[in-house]
Amino acid sequence: MIPLIVLSLSCASGVLAMYQDERAAALATPNPAGNAWQPQVRVRISQDALDDIVQTALDQGLLSWTDAIELKGPLGLTAQVKPSATIKQLSLSASRQCTQCLDVNARLKGKAAWTAAGASGKVPFTARLGATVAFDISQDGETWVVAGRLRDVDRVQVGSAILGSLDATSLLGDWVEQALKRTKAMDIGSLGGTDLPLRAARLSTTKSGLEFQLLTDLSEGSAVSAGGTMSTDFDLRVSSDTALALARRAAFKTGAIAVDVAAIPTALDVTGDQFTMGLRLWKLDGAGWWRDYQVMGALKVKGKRIVLNPTEATQGEKSRGAGLADPMALLAEGRILSAVENGLHQALPGSTGAKLGRQRLTAQVAQVSGDDGVITLAGAITQGRPAAAGSRVLGR
């Protein structure tokens, strides 16, 4: 007969071995990304939102010019000209210049204040221009920084502009080109960080706008499919498997929470604004045991962030000798749900307070839902001065 103490130790060893095997798998270092990796997170900025971002940047370049320029005419006649202009209409389209470029077609409207030989005045003018903006994503420590820049101005056409007896059409065309070259880089923000470390990231221009494709450093998780037509400034798509992997990694790193019990998610399904999470409680001392629960709850937007709010739990299977513990309390203490919330927030453009010249860009989640193994966040990108009381919604 096998002594009772040996059976007890064998049982404990089996439970703890199962726990340690799962922990090792969840925290394992994934393989290098390679060149053919598939994105686990996809983030898109819409065409309308990009139009407004680029227009704001170009306007700031134009308005940064405050110097007078000299216009020389016949017979030694000269005039001092102070032009100013803003973009009135702008559209972006796919570019042949590079895979991360967009062509700009814009119309601007301005005024040229002038003085010459004791006379002065203001003359309105209009111009059409073509340019190219290039976007880039580069690694900076744990984050990936996204920025855009005006790559070149390849066409400026100014309508006839006569200042007194002088033709300033050519001068104003040169001024528009030089002023636009003062456009500062467009800081779209950084993606990833401590709550969502990334192995790789890339971006591409699409018919819908700009897409960031992200690969996490999770050993678990799965690729996510591309989205359809956009109706908001941005959307974020992540597979339920990847969101679950974020929660599992946080749970295993936390380990035992109370009375030597660890709470580890085992499954995640999101349908509409409701989620169901499988949760296994592990007793990690003594003989050891495990007990399964199914936790239900809602996905909500609170303070323009996603929040997972568990509401009830039902018991499932259990190992021999399993005790009882409060799964809802362990969820609250274990940072399991906040790991998903914070990880997704770190994948949003502008989530780190990106700046567009003197303006600040912020992604604000307005809706969240799940369907067919994919969780989707969507909302608005706002811009406004850092100290401003309100902000302007882009793409409207």
# chains A, B, ... in the order shown; residues from 1 in each chain; ligands from 1

call {"tool": "select_by_dssp", "arguments": {"residues": "range 171-236 of chain A", "states": "helix (DSSP H, G or I)", "output": "number ranges by chain"}}
result
A: 171-180

call {"tool": "write_last_selection", "arguments": {"atoms": "N, CA and C atoms", "output": "compact mmCIF listing (two decimals), in the first residue's frame"}}
result
# COMPACT_ATOMS: atom_id res chain seq x y z
N LEU A 171 5.94 85.74 -57.53
CA LEU A 171 6.50 85.91 -56.18
C LEU A 171 5.69 85.13 -55.15
N LEU A 172 4.37 85.22 -55.24
CA LEU A 172 3.52 84.53 -54.26
C LEU A 172 3.60 83.02 -54.43
N GLY A 173 3.78 82.57 -55.67
CA GLY A 173 3.97 81.14 -55.88
C GLY A 173 5.22 80.64 -55.19
N ASP A 174 6.31 81.39 -55.31
CA ASP A 174 7.56 81.01 -54.63
C ASP A 174 7.37 81.06 -53.11
N TRP A 175 6.63 82.09 -52.65
CA TRP A 175 6.42 82.23 -51.20
C TRP A 175 5.65 81.02 -50.65
N VAL A 176 4.59 80.61 -51.34
CA VAL A 176 3.80 79.45 -50.88
C VAL A 176 4.70 78.23 -50.73
N GLU A 177 5.55 77.98 -51.72
CA GLU A 177 6.42 76.81 -51.67
C GLU A 177 7.40 76.89 -50.51
N GLN A 178 8.01 78.07 -50.31
CA GLN A 178 8.99 78.22 -49.23
C GLN A 178 8.32 78.16 -47.86
N ALA A 179 7.13 78.76 -47.74
CA ALA A 179 6.43 78.74 -46.45
C ALA A 179 6.01 77.32 -46.08
N LEU A 180 5.55 76.56 -47.07
CA LEU A 180 5.14 75.19 -46.79
C LEU A 180 6.31 74.34 -46.32

call {"tool": "residues_around", "arguments": {"residues": "range 84-99 of chain A", "least_positions_apart": "5", "cutoff": "7 Å", "atoms": "only C-alpha atoms", "output": "PyMOL selection string"}}
result
chain A and resi 51+55+59+62-63+104-112+204-205

call {"tool": "write_last_selection", "arguments": {"atoms": "all heavy atoms", "output": "compact mmCIF listing (two decimals), in the first residue's frame"}}
result
# COMPACT_ATOMS: atom_id res chain seq x y z
N ASP A 51 -6.79 63.98 -43.39
CA ASP A 51 -6.92 65.26 -44.10
C ASP A 51 -6.79 66.43 -43.13
O ASP A 51 -6.08 67.40 -43.40
CB ASP A 51 -8.28 65.34 -44.80
CG ASP A 51 -8.36 64.48 -46.05
OD1 ASP A 51 -7.33 63.90 -46.44
OD2 ASP A 51 -9.45 64.37 -46.63
N GLN A 55 -3.83 69.14 -42.96
CA GLN A 55 -4.21 70.54 -43.18
C GLN A 55 -3.74 71.42 -42.03
O GLN A 55 -3.21 72.52 -42.25
CB GLN A 55 -5.73 70.66 -43.33
CG GLN A 55 -6.19 72.09 -43.54
CD GLN A 55 -7.67 72.19 -43.85
OE1 GLN A 55 -8.25 71.27 -44.38
NE2 GLN A 55 -8.27 73.33 -43.52
N ASP A 59 -1.13 74.49 -42.47
CA ASP A 59 -1.53 75.83 -42.03
C ASP A 59 -0.50 76.43 -41.08
O ASP A 59 -0.16 77.62 -41.17
CB ASP A 59 -2.89 75.77 -41.32
CG ASP A 59 -4.05 75.85 -42.30
OD1 ASP A 59 -3.84 76.25 -43.46
OD2 ASP A 59 -5.18 75.51 -41.90
N LEU A 62 2.44 77.67 -43.08
CA LEU A 62 2.15 78.93 -43.77
C LEU A 62 2.11 80.10 -42.79
O LEU A 62 2.65 81.17 -43.07
CB LEU A 62 0.81 78.81 -44.49
CG LEU A 62 0.74 77.88 -45.71
CD1 LEU A 62 -0.71 77.64 -46.11
CD2 LEU A 62 1.54 78.46 -46.88
N LEU A 63 1.48 79.90 -41.65
CA LEU A 63 1.31 80.99 -40.70
C LEU A 63 2.58 81.32 -39.93
O LEU A 63 2.66 82.35 -39.25
CB LEU A 63 0.18 80.65 -39.72
CG LEU A 63 -1.22 80.54 -40.35
CD1 LEU A 63 -2.23 80.02 -39.32
CD2 LEU A 63 -1.67 81.88 -40.91
N VAL A 104 -0.91 65.02 -51.79
CA VAL A 104 -1.74 66.10 -51.27
C VAL A 104 -2.21 66.96 -52.44
O VAL A 104 -1.40 67.39 -53.26
CB VAL A 104 -0.96 66.99 -50.28
CG1 VAL A 104 -1.84 68.13 -49.77
CG2 VAL A 104 -0.42 66.16 -49.13
N ASN A 105 -3.49 67.21 -52.51
CA ASN A 105 -4.05 68.20 -53.43
C ASN A 105 -4.83 69.20 -52.58
O ASN A 105 -5.74 68.79 -51.83
CB ASN A 105 -4.97 67.54 -54.46
CG ASN A 105 -4.19 66.76 -55.49
OD1 ASN A 105 -3.59 67.34 -56.39
ND2 ASN A 105 -4.17 65.44 -55.36
N ALA A 106 -4.45 70.47 -52.68
CA ALA A 106 -5.04 71.45 -51.78
C ALA A 106 -5.29 72.78 -52.49
O ALA A 106 -4.67 73.09 -53.52
CB ALA A 106 -4.12 71.69 -50.58
N ARG A 107 -6.22 73.51 -51.92
CA ARG A 107 -6.52 74.87 -52.37
C ARG A 107 -6.35 75.79 -51.18
O ARG A 107 -6.84 75.49 -50.09
CB ARG A 107 -7.94 74.96 -52.91
CG ARG A 107 -8.33 76.35 -53.41
CD ARG A 107 -9.74 76.32 -53.98
NE ARG A 107 -10.73 76.01 -52.97
CZ ARG A 107 -11.27 76.91 -52.15
NH1 ARG A 107 -10.90 78.19 -52.21
NH2 ARG A 107 -12.18 76.54 -51.27
N LEU A 108 -5.62 76.87 -51.37
CA LEU A 108 -5.44 77.82 -50.27
C LEU A 108 -5.94 79.20 -50.67
O LEU A 108 -6.04 79.54 -51.85
CB LEU A 108 -3.99 77.87 -49.79
CG LEU A 108 -2.87 78.30 -50.71
CD1 LEU A 108 -2.77 79.80 -50.81
CD2 LEU A 108 -1.53 77.74 -50.21
N LYS A 109 -6.25 79.99 -49.67
CA LYS A 109 -6.73 81.34 -49.86
C LYS A 109 -5.95 82.27 -48.96
O LYS A 109 -5.70 81.95 -47.80
CB LYS A 109 -8.23 81.42 -49.53
CG LYS A 109 -8.89 82.76 -49.83
CD LYS A 109 -10.38 82.67 -49.55
CE LYS A 109 -11.07 83.98 -49.88
NZ LYS A 109 -12.54 83.91 -49.61
N GLY A 110 -5.52 83.42 -49.51
CA GLY A 110 -4.70 84.31 -48.72
C GLY A 110 -4.87 85.77 -49.10
O GLY A 110 -5.66 86.12 -49.98
N LYS A 111 -4.09 86.60 -48.41
CA LYS A 111 -4.05 88.02 -48.70
C LYS A 111 -2.59 88.46 -48.71
O LYS A 111 -1.77 87.95 -47.93
CB LYS A 111 -4.81 88.82 -47.65
CG LYS A 111 -6.32 88.67 -47.73
CD LYS A 111 -7.01 89.57 -46.72
CE LYS A 111 -8.53 89.44 -46.84
NZ LYS A 111 -9.24 90.32 -45.86
N ALA A 112 -2.29 89.41 -49.59
CA ALA A 112 -0.94 89.97 -49.67
C ALA A 112 -1.02 91.46 -49.33
O ALA A 112 -1.59 92.25 -50.10
CB ALA A 112 -0.35 89.77 -51.06
N SER A 204 1.06 51.16 -43.41
CA SER A 204 0.77 51.18 -44.84
C SER A 204 -0.34 52.16 -45.10
O SER A 204 -1.18 52.43 -44.22
CB SER A 204 0.39 49.78 -45.33
OG SER A 204 -0.84 49.38 -44.74
N THR A 205 -0.36 52.71 -46.30
CA THR A 205 -1.46 53.57 -46.71
C THR A 205 -2.50 52.70 -47.40
O THR A 205 -2.17 51.77 -48.14
CB THR A 205 -0.97 54.66 -47.68
OG1 THR A 205 -0.29 54.04 -48.78
CG2 THR A 205 -0.01 55.61 -46.98

call {"tool": "closest_atom_pairs", "arguments": {"of": "range 156-266 of chain A", "to": "range 331-339 of chain A", "cutoff": "6 Å", "atoms": "only C-alpha atoms", "output": "CSV"}}
result
residue,atom,partner,partner_atom,distance
A:Ala247,CA,A:Ile336,CA,5.0
A:Ala250,CA,A:Ile336,CA,5.9
A:Ala251,CA,A:Ile336,CA,5.6

call {"tool": "closest_residue", "arguments": {"among": "A:Gln139, A:Ser165, A:Thr194, A:Ser160", "to": "Leu77 in chain A", "atoms": "only C-alpha atoms"}}
result
A:Ser165

call {"tool": "closest_residue", "arguments": {"among": "A:Arg44, A:Lys283, A:Arg237, A:Arg155", "to": "Leu129 in chain A", "atoms": "only C-alpha atoms"}}
result
A:Arg155

call {"tool": "residues_around", "arguments": {"residues": "Asp154 in chain A", "least_positions_apart": "5", "cutoff": "8 Å", "atoms": "only C-alpha atoms", "output": "JSON, numbers by chain"}}
result
{"A": [129, 130, 131, 132]}

call {"tool": "atom_distance", "arguments": {"atom1": "CA of Lys302 in chain A", "atom2": "CA of Arg249 in chain A"}}
result
24.3 Å

call {"tool": "residues_around", "arguments": {"residues": "range 217-223 of chain A", "least_positions_apart": "2", "cutoff": "12 Å", "atoms": "only C-alpha atoms", "output": "PyMOL selection string"}}
result
chain A and resi 22-33+36-42+142+192-201+213-215+225-226+237-250+266-268+343+373-374

call {"tool": "write_last_selection", "arguments": {"atoms": "C-alpha atoms", "output": "short mmCIF file (atom, residue, chain, number, x, y, z; two decimals), in the first residue's frame"}}
result
data_model
loop_
_atom_site.label_atom_id
_atom_site.label_comp_id
_atom_site.auth_asym_id
_atom_site.auth_seq_id
_atom_site.Cartn_x
_atom_site.Cartn_y
_atom_site.Cartn_z
CA GLU A 22 0.98 26.88 -18.30
CA ARG A 23 2.93 29.73 -16.73
CA ALA A 24 6.05 28.89 -18.71
CA ALA A 25 4.07 28.83 -21.96
CA ALA A 26 2.36 32.18 -21.27
CA LEU A 27 5.59 33.95 -20.29
CA ALA A 28 7.85 32.32 -22.88
CA THR A 29 9.95 34.50 -25.16
CA PRO A 30 8.40 34.34 -28.65
CA ASN A 31 10.36 33.57 -31.78
CA PRO A 32 11.86 36.45 -33.79
CA ALA A 33 9.28 38.17 -35.97
CA ALA A 36 6.28 37.39 -43.00
CA TRP A 37 4.68 38.13 -39.62
CA GLN A 38 0.95 38.74 -39.37
CA PRO A 39 -0.41 41.61 -37.24
CA GLN A 40 -2.07 40.84 -33.92
CA VAL A 41 -3.32 44.42 -33.60
CA ARG A 42 -4.49 46.69 -36.42
CA GLU A 142 9.68 49.96 -25.74
CA GLY A 192 3.11 50.13 -27.42
CA GLY A 193 4.90 50.42 -24.10
CA THR A 194 5.15 48.58 -20.79
CA ASP A 195 1.56 47.32 -21.03
CA LEU A 196 1.84 46.35 -24.69
CA PRO A 197 5.46 45.56 -25.63
CA LEU A 198 5.85 45.06 -29.37
CA ARG A 199 8.19 42.87 -31.38
CA ALA A 200 7.53 44.59 -34.66
CA ALA A 201 5.42 47.31 -36.24
CA GLN A 213 0.08 46.81 -38.00
CA LEU A 214 1.48 45.62 -34.68
CA LEU A 215 3.00 42.36 -33.46
CA SER A 225 -8.07 40.22 -39.96
CA ALA A 226 -8.31 43.56 -41.74
CA ARG A 237 -8.96 45.59 -34.07
CA VAL A 238 -7.46 42.88 -31.89
CA SER A 239 -8.25 39.17 -31.71
CA SER A 240 -9.87 37.85 -28.56
CA ASP A 241 -6.93 35.41 -28.33
CA THR A 242 -4.46 38.29 -28.09
CA ALA A 243 -6.55 40.12 -25.49
CA LEU A 244 -6.69 36.87 -23.51
CA ALA A 245 -2.92 36.48 -23.79
CA LEU A 246 -2.46 39.96 -22.29
CA ALA A 247 -4.64 38.96 -19.35
CA ARG A 248 -2.90 35.61 -18.87
CA ARG A 249 0.56 37.17 -18.88
CA ALA A 250 -0.48 39.72 -16.26
CA THR A 266 -8.43 30.47 -19.69
CA ALA A 267 -10.80 31.74 -22.39
CA LEU A 268 -12.33 34.97 -23.64
CA GLY A 343 -2.68 47.27 -23.38
CA GLY A 373 -13.29 36.48 -32.34
CA VAL A 374 -12.37 40.15 -32.85
#
